[in-house]
Amino acid sequence: MSHDNKDELFELLAHEKEISELYQKDQQGQLELPSAQLDSAIMAMAKQKMADNAHMLSGSQGLKQQTLANRNTQLTSYNAWKWPFSLVASVGFLGVLMITQRDYFIHPNDIVATDVGHLTQPGRDAPAVSVETMADDIATKQYLPSVQSEKMTHSAQESKLQLSKRFKSMETKRMSASQTPQVSEVQILPSAKFEEQDLKTSSMSLFELSKLAKLLTLELAIQGRSNLEGNTSIVKKQQTLFEHLAQHQKSYPEFKITKKFLTVLTDKQVQQLTLPGTEVVPDN
Amino acid sequence: MKQPLKPNINDTESVCSIADSADYPQQSDADLMQGYGAGDLRAFETLYSRHKGALYRYFMRNIHESSLAEDLYQEIWSKVIVQAKHYKPSAKFTTWLYTLAHNLLVDHVRHLSVVNKVVVGSYDGENKGEQVGDQEAEQETFKHSQMVNEPETEVTSIRVAESLKQCIGQLPQVQKDCFLLKEEAGLSVNDIATVLNSSFEASKSRLRYAYENLRQCLQLKTGRAI
């Protein structure tokens with residue numbers, strides 16, 4: 001049941017109707033109204049509120065217009081500076097990228113003088129080319145075609161010759177520089193190892209001396225003593241062995257030279273090593 | 001006591017404009033309220049003239065102190081003025097208006113009860129004694145007036161009306177609210193329930209009790225059977 005239907009069900013009883021009529025007929029009560037001053041105060045309040053609303057509305061419209069104008073100004077300045085700022089930012093980003101990732105961007109052939117120190121650091125694959133060589137290379141490549149095209153004078157011919165010489169020397173240097181240490185090591189023969197060691201080390205151990213002696217024995221057996229004069233390698237090894245044996249003898253007086261060393265040395269060397277008072281110990 | 005706002009416009013002009021505001025008799029309260037929200041002052045004048053008497057008496061019956069009743073009356077209209085711009089007619093304007101009035105009255109009564117508890121703790125007992133004494137004195141006066149040879153009907157009606165007002169004042173608050181909302185504001189029981197935030201049956205029951213109490217009170221005061 002709705003509330004409206006409920007209202008229809010509610011009816012005043014007889015005595016209730018009488019009381020209601022009494023109340024409504026009370027003329028004095030019905031004339032009980034707010035004073036004129038109170039009416040005026042309330043109407044003034046209503047008028048004031050309406051004026052405030054109108055003022056606020058105009059104020060808010062003005063504020064909206066001002067906000068819109070400020071926003072437009074901001075948008076205009078943003079549009080004006082958008083592309084320059086974007087360009088500067090892009091250039092900056094690329095610059096940072098070039099600096100941090102220069103190995104990726106710069107080809108080793110285009111290295112300039114200041115980059116040499118950077119590239120000659122260990123672990124780099126770039127060829128070890130000197131600064132002067134690179135500079136000359138660049139200068140020659142740029143200069144030569146123009147010289148050829150011109151009419152050759154005497155001075156020009158001289159300069160061309162000089163440049164050609166420098167170019168050749170540069171090529172030689174480049175070739176030598178392009179050889180890596182690994183390749184050199186591969187190319188070294190076992191027999192030459194002792195020569196290198198001779199250069200590197202000031203003294204050889206007894207074990208190494210005995211190995212060198214064995215190697216000499218083998219080489220002598222292959223070559224034969226008659227052809228020794230032509231084989232500088234054997235002579236050099238003999239000399240090395242002799243020098244180290246002599247040095248070892250001086251360092252250790254109790255050291256006695258065995259027969260295996262003496263058999264591979266020349267007679268002169270044997271005589272120098274086996275002075276009177278020295279004793280030759282047979283191999284065991 | 002809060003003083004009424006001083007009007008910026010001439011009092012005479014205001015009263016005249018209120019009197020002339022009968023150009024909107026066909027418009028509903030909600031339309032008038034929205035008209036005022038849109039900036040039509042005459043719509044508010046019409047609305048005010050429609051409801052000012054009933055609302056004023058509603059406060060006067062609930063609060064015996066007229067100055068305080070006027071303050072509350074003015075406060076209610078100030079609320080109406082402030083909320084006019086955002087008013088949406090979801091319910092009857094009268095229901096909305098008297099809901100505001102009732103809530104304000106409840107707040108005021110609560111405030112007064114707290115003040116009374118703090119200031120005069122034993123005031124209730126004395127007041128009851130005074131009330132009984134007042135009733136006896138009124139009955140004596142009524143009997144005395146009957147004995148005086150005045151036009152009988154006029155005197156009787158005035159006395160009955162005064163007695164009725166006194167009886168209304170003696171009603172419990174909820175019953176008084178129901179009665180005044182019914183008789184002054186002309187609200188239906190359902191609207192009364194909405195204003196008082198109670199059920200339909202409760203409002204109906206309170207209304208019945210209010211009439212019954214008034215009947216007994218009038219019988220006691222005037223000696224007249226209703």
# chains A, B, ... in the order shown; residues from 1 in each chain; ligands from 1
call {"tool": "interface_residues", "arguments": {"of": "chain A", "to": "chain B", "cutoff": "9 Å", "atoms": "only C-alpha atoms", "output": "MDAnalysis selection string"}}
result
chainID A and resid 3:4 6:7 10 12:16 18:20 22:34 36:51 53:54
call {"tool": "residues_around", "arguments": {"residues": "stretch 205-216 of chain A", "least_positions_apart": "5", "cutoff": "8 Å", "atoms": "only C-alpha atoms", "output": "PyMOL selection string"}}
result
chain A and resi 191+194+234+237-238+241+244-245+260-261+264
call {"tool": "residues_around", "arguments": {"residues": "B:Arg206", "least_positions_apart": "3", "cutoff": "7 Å", "atoms": "only C-alpha atoms", "output": "list in words"}}
result
Gln175, Cys178, Ala202, Ser203, Tyr209 and Ala210 of chain B
call {"tool": "write_last_selection", "arguments": {"atoms": "N, CA, C and O atoms", "output": "PDB file, in the first residue's frame"}}
result
ATOM      1  N   GLN B 175       3.988  15.140  19.894  1.00  0.00           N
ATOM      2  CA  GLN B 175       2.561  15.323  19.586  1.00  0.00           C
ATOM      3  C   GLN B 175       2.300  16.751  19.123  1.00  0.00           C
ATOM      4  O   GLN B 175       1.492  16.993  18.218  1.00  0.00           O
ATOM      5  N   CYS B 178       3.368  17.032  15.558  1.00  0.00           N
ATOM      6  CA  CYS B 178       2.407  16.414  14.646  1.00  0.00           C
ATOM      7  C   CYS B 178       1.185  17.317  14.463  1.00  0.00           C
ATOM      8  O   CYS B 178       0.709  17.526  13.334  1.00  0.00           O
ATOM      9  N   ALA B 202       3.439   5.577  13.295  1.00  0.00           N
ATOM     10  CA  ALA B 202       3.850   6.323  14.492  1.00  0.00           C
ATOM     11  C   ALA B 202       3.320   7.747  14.442  1.00  0.00           C
ATOM     12  O   ALA B 202       2.802   8.266  15.456  1.00  0.00           O
ATOM     13  N   SER B 203       3.417   8.361  13.287  1.00  0.00           N
ATOM     14  CA  SER B 203       2.930   9.742  13.142  1.00  0.00           C
ATOM     15  C   SER B 203       1.414   9.802  13.339  1.00  0.00           C
ATOM     16  O   SER B 203       0.884  10.719  13.985  1.00  0.00           O
ATOM     17  N   TYR B 209      -3.143  10.886  19.592  1.00  0.00           N
ATOM     18  CA  TYR B 209      -2.897  11.213  21.005  1.00  0.00           C
ATOM     19  C   TYR B 209      -2.948  12.717  21.231  1.00  0.00           C
ATOM     20  O   TYR B 209      -3.427  13.206  22.257  1.00  0.00           O
ATOM     21  N   ALA B 210      -2.396  13.460  20.255  1.00  0.00           N
ATOM     22  CA  ALA B 210      -2.374  14.920  20.395  1.00  0.00           C
ATOM     23  C   ALA B 210      -3.797  15.469  20.470  1.00  0.00           C
ATOM     24  O   ALA B 210      -4.123  16.277  21.361  1.00  0.00           O
TER      25      ALA B 210
END
call {"tool": "atom_distance", "arguments": {"atom1": "atom CA of B:Leu181", "atom2": "atom CA of B:Asn213"}}
result
16.4 Å
call {"tool": "atom_distance", "arguments": {"atom1": "atom CA of B:Thr222", "atom2": "atom CA of B:Thr156"}}
result
8.8 Å
